[in-house]
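Working notes for the structure below.
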Amino acid sequence: MTGDHDEPVVTETTPDGITVVRLQGAVDDDSAPALTRTLIDAAAHGSSRTVIDLSGLSFADSSVLHALLGARKAHAAAGKKLVLAGPLHLAISRLFEVTNTGPAFQWADSLQAGMTC
């Protein structure tokens, strides 16, 4: 596992070889570059599936949305699956609703469901 549990972006690989990226707390312009690097690296070098756990994310701005959309494109180009997992805090749900970007992603109700969908 890379990162620390106090960090907003934590990456791990499960025993099944699935790349899990956990976003926690507030992720904004300051931490978005690290998120972008993590997600691009997962597309290029990770397993065939990346699950982004958004359940611990309490705040995200447009830079996070930009990173997620870039990750979607990079994973599709690499022939890899990208899944966003909830449940979502209201502020995060609203971000996808207001920007109408939710339909661009594959969703799972939980991290566990994201590992198998």
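Residues in the structure tokens are named by chain (A, B, ... in the order shown) and by number from 1 within that chain; ligands are numbered from 1 in the order shown.
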Surrounding residues of stretch 8-25 of chain A excluding itself and chain neighbours under 3 positions, 8 Å, only C-alpha atoms, as number ranges by chain: A: 1-5, 31, 34-35, 38-39, 42, 46-59, 115
Using the chain letters and numbers from this document, which residues of chain A does DSSP assign to strand (DSSP E or B), as a ChimeraX atom specification? /A:2,9-13,19-27,49-60,81-85,106-108
Could you pull the residues within 12 Å of stretch 72-74 of chain A, counting only C-alpha atoms, minus those fewer than 4 positions along the same chain, as a compact mmCIF listing (two decimals) with N, CA, C and O atoms, in the first residue's frame?
```txt
# COMPACT_ATOMS: atom_id res chain seq x y z
N THR A 36 -4.34 12.50 -9.93
CA THR A 36 -4.18 12.30 -11.37
C THR A 36 -3.03 11.33 -11.66
O THR A 36 -3.18 10.39 -12.44
N ARG A 37 -1.89 11.54 -11.01
CA ARG A 37 -0.73 10.64 -11.22
C ARG A 37 -1.08 9.22 -10.82
O ARG A 37 -0.75 8.26 -11.52
N THR A 38 -1.75 9.07 -9.69
CA THR A 38 -2.13 7.74 -9.20
C THR A 38 -3.04 7.03 -10.19
O THR A 38 -2.85 5.84 -10.50
N LEU A 39 -4.03 7.74 -10.71
CA LEU A 39 -4.99 7.12 -11.61
C LEU A 39 -4.40 6.81 -12.97
O LEU A 39 -4.71 5.77 -13.57
N ILE A 40 -3.53 7.67 -13.47
CA ILE A 40 -2.86 7.40 -14.75
C ILE A 40 -1.92 6.21 -14.60
O ILE A 40 -1.83 5.35 -15.48
N ASP A 41 -1.22 6.14 -13.47
CA ASP A 41 -0.34 5.00 -13.20
C ASP A 41 -1.14 3.70 -13.11
O ASP A 41 -0.72 2.67 -13.61
N ALA A 42 -2.31 3.76 -12.48
CA ALA A 42 -3.16 2.57 -12.38
C ALA A 42 -3.60 2.10 -13.76
O ALA A 42 -3.64 0.90 -14.04
N ALA A 43 -3.90 3.04 -14.64
CA ALA A 43 -4.30 2.67 -16.00
C ALA A 43 -3.13 2.05 -16.77
O ALA A 43 -3.31 1.08 -17.50
N ALA A 44 -1.95 2.60 -16.57
CA ALA A 44 -0.78 2.14 -17.32
C ALA A 44 -0.15 0.87 -16.75
O ALA A 44 0.31 0.02 -17.49
N HIS A 45 -0.12 0.75 -15.43
CA HIS A 45 0.64 -0.33 -14.80
C HIS A 45 -0.15 -1.19 -13.83
O HIS A 45 0.38 -2.16 -13.31
N GLY A 46 -1.38 -0.81 -13.54
CA GLY A 46 -2.17 -1.54 -12.56
C GLY A 46 -2.80 -2.79 -13.14
O GLY A 46 -2.49 -3.22 -14.26
N ARG A 49 -8.48 -4.06 -13.40
CA ARG A 49 -9.60 -3.35 -12.78
C ARG A 49 -9.07 -2.38 -11.72
O ARG A 49 -8.26 -2.74 -10.87
N THR A 50 -9.58 -1.15 -11.77
CA THR A 50 -9.31 -0.16 -10.73
C THR A 50 -10.65 0.24 -10.13
O THR A 50 -11.58 0.58 -10.85
N VAL A 51 -10.73 0.18 -8.81
CA VAL A 51 -11.93 0.61 -8.10
C VAL A 51 -11.55 1.85 -7.29
O VAL A 51 -10.60 1.81 -6.50
N ILE A 52 -12.29 2.92 -7.51
CA ILE A 52 -12.05 4.15 -6.76
C ILE A 52 -13.13 4.23 -5.68
O ILE A 52 -14.31 4.37 -5.98
N LEU A 65 -13.01 15.96 -10.33
CA LEU A 65 -13.84 15.49 -11.42
C LEU A 65 -13.02 15.38 -12.71
O LEU A 65 -13.12 14.40 -13.45
N HIS A 66 -12.18 16.36 -12.95
CA HIS A 66 -11.30 16.33 -14.13
C HIS A 66 -10.36 15.12 -14.06
O HIS A 66 -10.15 14.43 -15.06
N ALA A 67 -9.80 14.84 -12.89
CA ALA A 67 -8.91 13.68 -12.73
C ALA A 67 -9.66 12.37 -12.98
O ALA A 67 -9.14 11.46 -13.62
N LEU A 68 -10.90 12.28 -12.49
CA LEU A 68 -11.69 11.06 -12.68
C LEU A 68 -12.06 10.86 -14.14
O LEU A 68 -11.99 9.74 -14.67
N ALA A 78 -6.53 1.83 -22.31
CA ALA A 78 -5.68 0.69 -21.93
C ALA A 78 -6.48 -0.62 -21.88
O ALA A 78 -5.90 -1.67 -21.57
N GLY A 79 -7.78 -0.55 -22.13
CA GLY A 79 -8.61 -1.75 -22.08
C GLY A 79 -8.82 -2.26 -20.66
O GLY A 79 -8.99 -3.46 -20.44
N LYS A 80 -8.83 -1.35 -19.71
CA LYS A 80 -8.99 -1.72 -18.30
C LYS A 80 -10.29 -1.14 -17.76
O LYS A 80 -10.80 -0.13 -18.24
N LYS A 81 -10.82 -1.79 -16.75
CA LYS A 81 -12.09 -1.41 -16.15
C LYS A 81 -11.86 -0.41 -15.02
O LYS A 81 -10.96 -0.59 -14.20
N LEU A 82 -12.70 0.62 -14.98
CA LEU A 82 -12.67 1.62 -13.91
C LEU A 82 -14.06 1.67 -13.29
O LEU A 82 -15.05 1.82 -14.00
N VAL A 83 -14.13 1.51 -11.97
CA VAL A 83 -15.40 1.51 -11.25
C VAL A 83 -15.31 2.52 -10.11
O VAL A 83 -14.32 2.52 -9.37
N LEU A 84 -16.34 3.36 -9.98
CA LEU A 84 -16.44 4.25 -8.84
C LEU A 84 -17.38 3.61 -7.83
O LEU A 84 -18.46 3.14 -8.20
N THR A 101 -22.21 14.30 -14.89
CA THR A 101 -21.12 13.40 -15.29
C THR A 101 -21.27 11.99 -14.73
O THR A 101 -20.53 11.09 -15.12
N GLY A 102 -22.20 11.79 -13.83
CA GLY A 102 -22.41 10.47 -13.25
C GLY A 102 -22.57 9.37 -14.28
O GLY A 102 -21.95 8.30 -14.17
N PRO A 103 -23.38 9.59 -15.33
CA PRO A 103 -23.58 8.53 -16.33
C PRO A 103 -22.31 8.14 -17.11
O PRO A 103 -22.28 7.10 -17.76
N ALA A 104 -21.27 8.95 -17.02
CA ALA A 104 -20.03 8.64 -17.73
C ALA A 104 -19.24 7.50 -17.07
O ALA A 104 -18.33 6.94 -17.68
N PHE A 105 -19.62 7.14 -15.85
CA PHE A 105 -18.87 6.16 -15.08
C PHE A 105 -19.66 4.90 -14.80
O PHE A 105 -20.89 4.92 -14.76
N GLN A 106 -18.92 3.82 -14.55
CA GLN A 106 -19.55 2.62 -14.01
C GLN A 106 -19.54 2.76 -12.50
O GLN A 106 -18.51 3.12 -11.91
```
Who sits within 9 Å of A:Asp109, only C-alpha atoms, same chain under 2 positions skipped, as a ChimeraX atom specification: /A:84-88,107,111-114
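Each of A:Ser62, A:Ala108, A:Thr99, A:Asp6 was checked against A:Ala32 using only C-alpha atoms; the smallest atom-to-atom distance is that of A:Ser62.
Between atom CA of A:Ala91 and atom CA of A:Ser63 lies a distance of 14.8 Å.
Across the model, the gap from atom CA of A:Asp61 to atom CA of A:His89 is 13.5 Å.
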